[in-house]
Amino acid sequence: MVLKVFFPSCCSSAESGILIGRWISEQSSAVILAVVHFPFIPVQVKQYLGEVQRVSNVSVSVLGSWSNSKQEKEESLSEFLEDLGTIFSHEPWIQISKEGDSKFWSCSVLQKHSDTPKEEEIILVYYDQRKVLLSHLHPALDTVTSAEHKADSASKLSAIFDTVAKSKVLFMVDRYDEGPIKLTHWQSDGVEASIIVELLKQVSVPACVLLTFLLSLISGICRSRVLKSWPLSFLWSKLSTCEQLGHRLQHLQVISSNKKAQNHTQLMRKANIFVSLMIDVALGMLLVSWLYRKNRIGHLADTLIPAADHVAEELQNLLQWLMGAPAGLKMNRALDQVLGRFFLYHIHLWISYIHLMSPFIEMILWYVGLSACLGLTVALCILSDIIALLTFHIYCFYVYGARLYCLKIYGLSSLWRLFRGKKWNVLRQRVDSCSYDLDQLFIGTLLFTILLFLLPTTALYYLVFTLLRLLVVVVQGLIHLLVDLIDSLPLYSVILRLCRSYRLAAGVKFRVLEQQDGKPLRLLMQINPLSYGNVVQTYRLPTYSCYPKDSWASLCKKLFLGELIYPWKHKGEKQD
């Protein structure tokens, strides 16, 4: 039978005493948590361990004795440690002794109540108690290994990790306390750091209370009936800036909540949101400092109007090309002239609107630049909305062309069913047989011919304006992709994986230290960190989306049938 003893490396230089830990009978393993130094009173040790067991729900007990023979004056210490087994009756009783500066330790197991004592093979496993306590063991994501093997290994490791994690109350007492019990564990030399952390926690409470009050006030204003009226509610749902502000408001409410995180996932989510907000605001402040240096706002305003004029001029040239014989195609001249003049008039209106707003452009940009103080993501969303407003005429051209093209496509499909003696049953949502008279067939043939010969002209306009619309959508999509990356990237988890990789554990590995006949095998347990890809996959933050999630097949079908892609107002959407 193999008996595994998990010994904390921080206790290797501890003074002689007794070993406190948990015995896991299913694995034949002993997890040592601390060493109680001499002198002590056994009754007080038992009372203390009973309180620890009641608070932590971990069956902590005295597992054996520890002897550090550096103290030359304690000649009969080994005999005294053997006699402690009668006071602290634990089966089996583990005796570990360190002989001077020797690398090899003596480890033996006493079976007091066994009639036939068995020869135990002992494996001494050293572990870093601080790393195991602060780490969180994640389930295995490897799909190659069998599920039963992964579950068995995970349960064995989690028993060891949970034992150390739940025994925090045991680490509140150390060898520097003036009480009757003196312990050696990982936090014996870190009392000052613990005090500083507790002081920071107490200072952050008033700040969180004030922030919670301000956020509740802002949330109440956002839920008011005035903002739920039709124009404001429509703008709030369509402008990505409003969506991003609402998303960040939810993040601030999560951070400032006085409700304690129930598990490791909630704690990491709060930390990731906090770091994401801080980095977002820092990048926004850098953008503000760059914009307001050397009058870059004025230069941007001076180049914006000529850029809009240049875009309008290029659109006019494109329409003039379409009104002729584009690429040598024979178009329907009457419909071509009507559509071209209709779109040219819209461009004329748009240029007039831009020049009317030109005196106020610099002032608008000046105030918009200040919004970057709320974060780089807010500034990027404002940029996306500005692009949407500046290209609104392109969106209108696309809607006009798509509606006209869609009308002809559905008209041709309906008339094609008429030739085959079919019709669309609206009530049953299916195609049924139908008999038509001669007049209906004649009118249907006439309409089908007219729509078929007008379709190339309409399709060409629809194709051109759809490509322009897709170009705008791609630019806005790249901006929103960057915003989603900043919002969803778990920066705290990535930084933690980079600087403190043991905090995110995927498993453990064992390294052989020494092996000698007659001595226990000595292993070093090291933590395998979670890979960066699994860190992002596990702790990725949820994001919002301004556009519906369409597949490539659905998108191509909409483009072919003339249905609107990423419209400002969706079909079936109702306003109050």
# chains A, B, ... in the order shown; residues from 1 in each chain; ligands from 1
>>> residues_around(residues="Val464 of chain A", least_positions_apart="6", cutoff="10 Å", atoms="only C-alpha atoms", output="list in words")
Leu318, Leu319, Leu322, Phe397, Tyr398 and Gly401 of chain A
>>> residues_around(residues="Leu478 of chain A", least_positions_apart="6", cutoff="12 Å", atoms="only C-alpha atoms", output="VMD selection string")
chain A and resid 380 to 381 383 to 384 471 to 472 484 to 485
>>> write_last_selection(atoms="C-alpha atoms", output="PDB file, in the first residue's frame")
ATOM      1  CA  LEU A 380     -15.219  54.632 -30.683  1.00  0.00           C
ATOM      2  CA  CYS A 381     -19.006  54.259 -30.460  1.00  0.00           C
ATOM      3  CA  LEU A 383     -17.148  57.649 -34.113  1.00  0.00           C
ATOM      4  CA  SER A 384     -19.364  54.823 -35.383  1.00  0.00           C
ATOM      5  CA  LEU A 471     -18.456  49.191 -47.234  1.00  0.00           C
ATOM      6  CA  VAL A 472     -19.953  51.384 -44.502  1.00  0.00           C
ATOM      7  CA  ASP A 484     -16.250  44.265 -28.136  1.00  0.00           C
ATOM      8  CA  LEU A 485     -12.608  43.260 -27.733  1.00  0.00           C
TER       9      LEU A 485
END
>>> residues_around(residues="Met363 of chain A", least_positions_apart="5", cutoff="12 Å", atoms="only C-alpha atoms", output="PyMOL selection string")
chain A and resi 297-298+300-302+357-358+368-370
>>> write_last_selection(atoms="N, CA and C atoms", output="PDB file, in the first residue's frame")
ATOM      1  N   ILE A 297      -8.318  69.252 -32.956  1.00  0.00           N
ATOM      2  CA  ILE A 297      -9.762  69.298 -33.156  1.00  0.00           C
ATOM      3  C   ILE A 297     -10.092  70.231 -34.313  1.00  0.00           C
ATOM      4  N   GLY A 298      -9.439  71.420 -34.353  1.00  0.00           N
ATOM      5  CA  GLY A 298      -9.674  72.364 -35.444  1.00  0.00           C
ATOM      6  C   GLY A 298      -9.249  71.811 -36.793  1.00  0.00           C
ATOM      7  N   LEU A 300      -9.146  68.659 -37.587  1.00  0.00           N
ATOM      8  CA  LEU A 300     -10.095  67.609 -37.939  1.00  0.00           C
ATOM      9  C   LEU A 300     -11.385  68.200 -38.496  1.00  0.00           C
ATOM     10  N   ALA A 301     -11.851  69.303 -37.893  1.00  0.00           N
ATOM     11  CA  ALA A 301     -13.066  69.964 -38.394  1.00  0.00           C
ATOM     12  C   ALA A 301     -12.843  70.560 -39.777  1.00  0.00           C
ATOM     13  N   ASP A 302     -11.641  71.089 -40.027  1.00  0.00           N
ATOM     14  CA  ASP A 302     -11.348  71.676 -41.349  1.00  0.00           C
ATOM     15  C   ASP A 302     -11.290  70.625 -42.447  1.00  0.00           C
ATOM     16  N   MET A 357     -24.476  72.925 -41.526  1.00  0.00           N
ATOM     17  CA  MET A 357     -23.932  72.548 -40.217  1.00  0.00           C
ATOM     18  C   MET A 357     -22.449  72.885 -40.066  1.00  0.00           C
ATOM     19  N   SER A 358     -21.796  73.315 -41.126  1.00  0.00           N
ATOM     20  CA  SER A 358     -20.337  73.533 -41.083  1.00  0.00           C
ATOM     21  C   SER A 358     -19.876  74.529 -40.021  1.00  0.00           C
ATOM     22  N   VAL A 368     -17.615  66.505 -28.310  1.00  0.00           N
ATOM     23  CA  VAL A 368     -17.570  65.051 -28.509  1.00  0.00           C
ATOM     24  C   VAL A 368     -16.228  64.488 -28.046  1.00  0.00           C
ATOM     25  N   GLY A 369     -15.135  65.235 -28.268  1.00  0.00           N
ATOM     26  CA  GLY A 369     -13.823  64.778 -27.817  1.00  0.00           C
ATOM     27  C   GLY A 369     -13.741  64.615 -26.316  1.00  0.00           C
ATOM     28  N   LEU A 370     -14.471  65.460 -25.582  1.00  0.00           N
ATOM     29  CA  LEU A 370     -14.463  65.338 -24.109  1.00  0.00           C
ATOM     30  C   LEU A 370     -15.112  64.043 -23.642  1.00  0.00           C
TER      31      LEU A 370
END
>>> residues_around(residues="Leu33 of chain A", least_positions_apart="6", cutoff="12 Å", atoms="only C-alpha atoms", output="PyMOL selection string")
chain A and resi 5-11+18-23+49+58-64+126-130+132-133+160-171+183-187
>>> closest_residue(among="A:Met172, A:Ile364, A:Leu441, A:Ile41", to="Gly421 of chain A", atoms="only C-alpha atoms")
A:Leu441
>>> closest_residue(among="A:Ser155, A:Ser12, A:Ser551, A:Asn57", to="Glu99 of chain A", atoms="only C-alpha atoms")
A:Ser12
>>> select_by_dssp(residues="segment 393-433 of chain A", states="strand (DSSP E or B)", output="list of chain:residue names")
A:Lys422, A:Lys423, A:Trp424, A:Asn425, A:Arg430, A:Val431, A:Asp432, A:Ser433
>>> closest_residue(among="A:Leu365, A:Leu356, A:Leu349, A:Val275", to="Leu491 of chain A", atoms="only C-alpha atoms")
A:Val275
>>> residues_around(residues="Ala271 of chain A", least_positions_apart="4", cutoff="9 Å", atoms="only C-alpha atoms", output="PDB file with C-alpha atoms, in the first residue's frame")
ATOM      1  CA  ILE A 255     -18.383  46.621  -9.205  1.00  0.00           C
ATOM      2  CA  GLN A 266     -18.069  35.988  -9.624  1.00  0.00           C
ATOM      3  CA  LEU A 267     -14.895  37.310  -8.015  1.00  0.00           C
ATOM      4  CA  VAL A 275      -9.503  46.324 -14.777  1.00  0.00           C
ATOM      5  CA  SER A 276     -11.310  46.666 -18.117  1.00  0.00           C
ATOM      6  CA  PRO A 490     -10.620  39.406 -19.389  1.00  0.00           C
ATOM      7  CA  LEU A 491      -7.604  41.658 -18.839  1.00  0.00           C
ATOM      8  CA  TYR A 492      -7.253  40.900 -15.127  1.00  0.00           C
ATOM      9  CA  SER A 493      -7.197  37.147 -15.812  1.00  0.00           C
TER      10      SER A 493
END
>>> atom_distance(atom1="atom CA of Val254 of chain A", atom2="atom CA of Asn272 of chain A")
11.1 Å
>>> closest_residue(among="A:Met331, A:Leu389, A:Asn295, A:Gly444", to="Leu415 of chain A", atoms="only C-alpha atoms")
A:Gly444
>>> residues_around(residues="Gly507 of chain A", least_positions_apart="3", cutoff="8 Å", atoms="only C-alpha atoms", output="PyMOL selection string")
chain A and resi 137-138+140+157+527-529
>>> residues_around(residues="Pro520 of chain A", least_positions_apart="2", cutoff="10 Å", atoms="only C-alpha atoms", output="VMD selection string")
chain A and resid 4 104 to 108 121 to 125 514 to 518 522 to 523
>>> write_last_selection(atoms="N, CA and C atoms", output="short mmCIF file (atom, residue, chain, number, x, y, z; two decimals), in the first residue's frame")
data_model
loop_
_atom_site.label_atom_id
_atom_site.label_comp_id
_atom_site.auth_asym_id
_atom_site.auth_seq_id
_atom_site.Cartn_x
_atom_site.Cartn_y
_atom_site.Cartn_z
N LYS A 4 0.69 8.55 0.72
CA LYS A 4 1.22 9.84 0.24
C LYS A 4 1.05 10.87 1.33
N PHE A 104 17.79 13.81 2.80
CA PHE A 104 16.87 12.69 2.95
C PHE A 104 16.28 12.70 4.36
N TRP A 105 14.98 12.63 4.42
CA TRP A 105 14.26 12.63 5.69
C TRP A 105 13.82 11.21 6.02
N SER A 106 13.64 10.99 7.30
CA SER A 106 13.11 9.71 7.76
C SER A 106 11.60 9.86 7.95
N CYS A 107 10.87 8.92 7.46
CA CYS A 107 9.41 8.96 7.57
C CYS A 107 8.91 7.55 7.85
N SER A 108 8.14 7.42 8.90
CA SER A 108 7.62 6.11 9.28
C SER A 108 6.16 6.25 9.68
N GLU A 121 4.63 1.78 1.84
CA GLU A 121 5.55 2.53 0.98
C GLU A 121 5.13 3.99 1.02
N ILE A 122 6.03 4.85 1.48
CA ILE A 122 5.70 6.25 1.74
C ILE A 122 6.28 7.12 0.63
N ILE A 123 5.45 8.04 0.13
CA ILE A 123 5.87 9.05 -0.84
C ILE A 123 5.67 10.42 -0.19
N LEU A 124 6.76 11.16 -0.06
CA LEU A 124 6.72 12.48 0.55
C LEU A 124 6.64 13.52 -0.56
N VAL A 125 5.53 14.23 -0.60
CA VAL A 125 5.27 15.21 -1.66
C VAL A 125 5.33 16.60 -1.06
N GLU A 514 14.72 13.47 -4.82
CA GLU A 514 15.73 12.45 -4.50
C GLU A 514 15.04 11.12 -4.28
N GLN A 515 15.78 10.08 -4.53
CA GLN A 515 15.29 8.73 -4.29
C GLN A 515 16.45 7.87 -3.83
N GLN A 516 16.29 7.23 -2.66
CA GLN A 516 17.34 6.40 -2.06
C GLN A 516 16.69 5.21 -1.38
N ASP A 517 17.36 4.08 -1.44
CA ASP A 517 16.84 2.87 -0.81
C ASP A 517 16.71 3.08 0.69
N GLY A 518 15.57 2.67 1.21
CA GLY A 518 15.33 2.80 2.64
C GLY A 518 14.79 4.15 3.05
N ARG A 522 10.95 11.36 -2.54
CA ARG A 522 10.63 12.79 -2.36
C ARG A 522 10.25 13.38 -3.71
N LEU A 523 9.03 13.94 -3.78
CA LEU A 523 8.53 14.58 -4.99
C LEU A 523 8.19 16.03 -4.71
#
>>> decode(residues="segment 295-322 of chain A", atoms="N, CA, C and O atoms", output="short mmCIF file (atom, residue, chain, number, x, y, z; two decimals), in the first residue's frame")
data_model
loop_
_atom_site.label_atom_id
_atom_site.label_comp_id
_atom_site.auth_asym_id
_atom_site.auth_seq_id
_atom_site.Cartn_x
_atom_site.Cartn_y
_atom_site.Cartn_z
N ASN A 295 -4.13 71.87 -31.37
CA ASN A 295 -5.38 72.21 -32.07
C ASN A 295 -5.75 71.14 -33.11
O ASN A 295 -6.14 71.45 -34.25
N ARG A 296 -5.65 69.88 -32.71
CA ARG A 296 -6.00 68.81 -33.64
C ARG A 296 -7.50 68.76 -33.90
O ARG A 296 -7.94 68.28 -34.95
N ILE A 297 -8.32 69.25 -32.96
CA ILE A 297 -9.76 69.30 -33.16
C ILE A 297 -10.09 70.23 -34.31
O ILE A 297 -10.93 69.93 -35.18
N GLY A 298 -9.44 71.42 -34.35
CA GLY A 298 -9.67 72.36 -35.44
C GLY A 298 -9.25 71.81 -36.79
O GLY A 298 -9.95 71.97 -37.80
N HIS A 299 -8.09 71.13 -36.82
CA HIS A 299 -7.64 70.53 -38.08
C HIS A 299 -8.61 69.43 -38.55
O HIS A 299 -8.88 69.31 -39.76
N LEU A 300 -9.15 68.66 -37.59
CA LEU A 300 -10.10 67.61 -37.94
C LEU A 300 -11.39 68.20 -38.50
O LEU A 300 -11.95 67.68 -39.48
N ALA A 301 -11.85 69.30 -37.89
CA ALA A 301 -13.07 69.96 -38.39
C ALA A 301 -12.84 70.56 -39.78
O ALA A 301 -13.75 70.55 -40.62
N ASP A 302 -11.64 71.09 -40.03
CA ASP A 302 -11.35 71.68 -41.35
C ASP A 302 -11.29 70.63 -42.45
O ASP A 302 -11.59 70.92 -43.61
N THR A 303 -10.89 69.39 -42.10
CA THR A 303 -10.81 68.33 -43.12
C THR A 303 -12.10 67.55 -43.27
O THR A 303 -12.27 66.82 -44.26
N LEU A 304 -13.04 67.71 -42.32
CA LEU A 304 -14.27 66.92 -42.37
C LEU A 304 -15.20 67.39 -43.49
O LEU A 304 -15.74 66.57 -44.24
N ILE A 305 -15.39 68.71 -43.63
CA ILE A 305 -16.29 69.24 -44.66
C ILE A 305 -15.77 68.94 -46.07
O ILE A 305 -16.53 68.46 -46.93
N PRO A 306 -14.47 69.20 -46.35
CA PRO A 306 -13.97 68.81 -47.69
C PRO A 306 -14.09 67.32 -47.97
O PRO A 306 -14.34 66.91 -49.12
N ALA A 307 -13.91 66.49 -46.94
CA ALA A 307 -14.05 65.05 -47.14
C ALA A 307 -15.49 64.68 -47.49
O ALA A 307 -15.73 63.86 -48.39
N ALA A 308 -16.47 65.29 -46.80
CA ALA A 308 -17.88 65.04 -47.12
C ALA A 308 -18.21 65.52 -48.53
O ALA A 308 -18.95 64.85 -49.27
N ASP A 309 -17.67 66.70 -48.94
CA ASP A 309 -17.89 67.19 -50.30
C ASP A 309 -17.29 66.25 -51.34
O ASP A 309 -17.87 66.02 -52.41
N HIS A 310 -16.12 65.72 -51.02
CA HIS A 310 -15.47 64.80 -51.97
C HIS A 310 -16.28 63.52 -52.13
O HIS A 310 -16.44 63.01 -53.26
N VAL A 311 -16.82 63.00 -51.02
CA VAL A 311 -17.66 61.80 -51.11
C VAL A 311 -18.91 62.09 -51.94
O VAL A 311 -19.32 61.28 -52.79
N ALA A 312 -19.55 63.25 -51.72
CA ALA A 312 -20.75 63.60 -52.49
C ALA A 312 -20.42 63.77 -53.98
O ALA A 312 -21.20 63.36 -54.85
N GLU A 313 -19.26 64.36 -54.27
CA GLU A 313 -18.87 64.54 -55.67
C GLU A 313 -18.62 63.19 -56.34
O GLU A 313 -19.02 62.98 -57.51
N GLU A 314 -18.00 62.27 -55.64
CA GLU A 314 -17.78 60.95 -56.21
C GLU A 314 -19.11 60.21 -56.45
O GLU A 314 -19.26 59.50 -57.45
N LEU A 315 -20.07 60.41 -55.53
CA LEU A 315 -21.38 59.79 -55.73
C LEU A 315 -22.09 60.38 -56.94
O LEU A 315 -22.75 59.67 -57.70
N GLN A 316 -21.94 61.70 -57.12
CA GLN A 316 -22.54 62.33 -58.31
C GLN A 316 -21.92 61.78 -59.59
O GLN A 316 -22.64 61.49 -60.56
N ASN A 317 -20.61 61.62 -59.60
CA ASN A 317 -19.96 61.05 -60.78
C ASN A 317 -20.42 59.61 -61.03
O ASN A 317 -20.59 59.18 -62.18
N LEU A 318 -20.62 58.86 -59.93
CA LEU A 318 -21.09 57.49 -60.07
C LEU A 318 -22.49 57.45 -60.66
O LEU A 318 -22.79 56.61 -61.54
N LEU A 319 -23.36 58.36 -60.21
CA LEU A 319 -24.73 58.40 -60.74
C LEU A 319 -24.74 58.83 -62.20
O LEU A 319 -25.55 58.32 -63.00
N GLN A 320 -23.89 59.78 -62.55
CA GLN A 320 -23.81 60.19 -63.95
C GLN A 320 -23.36 59.02 -64.83
O GLN A 320 -23.83 58.86 -65.96
N TRP A 321 -22.45 58.20 -64.30
CA TRP A 321 -22.00 57.02 -65.05
C TRP A 321 -23.13 56.00 -65.21
O TRP A 321 -23.29 55.39 -66.26
N LEU A 322 -23.93 55.82 -64.13
CA LEU A 322 -25.04 54.88 -64.21
C LEU A 322 -26.14 55.38 -65.14
O LEU A 322 -26.86 54.56 -65.74
#
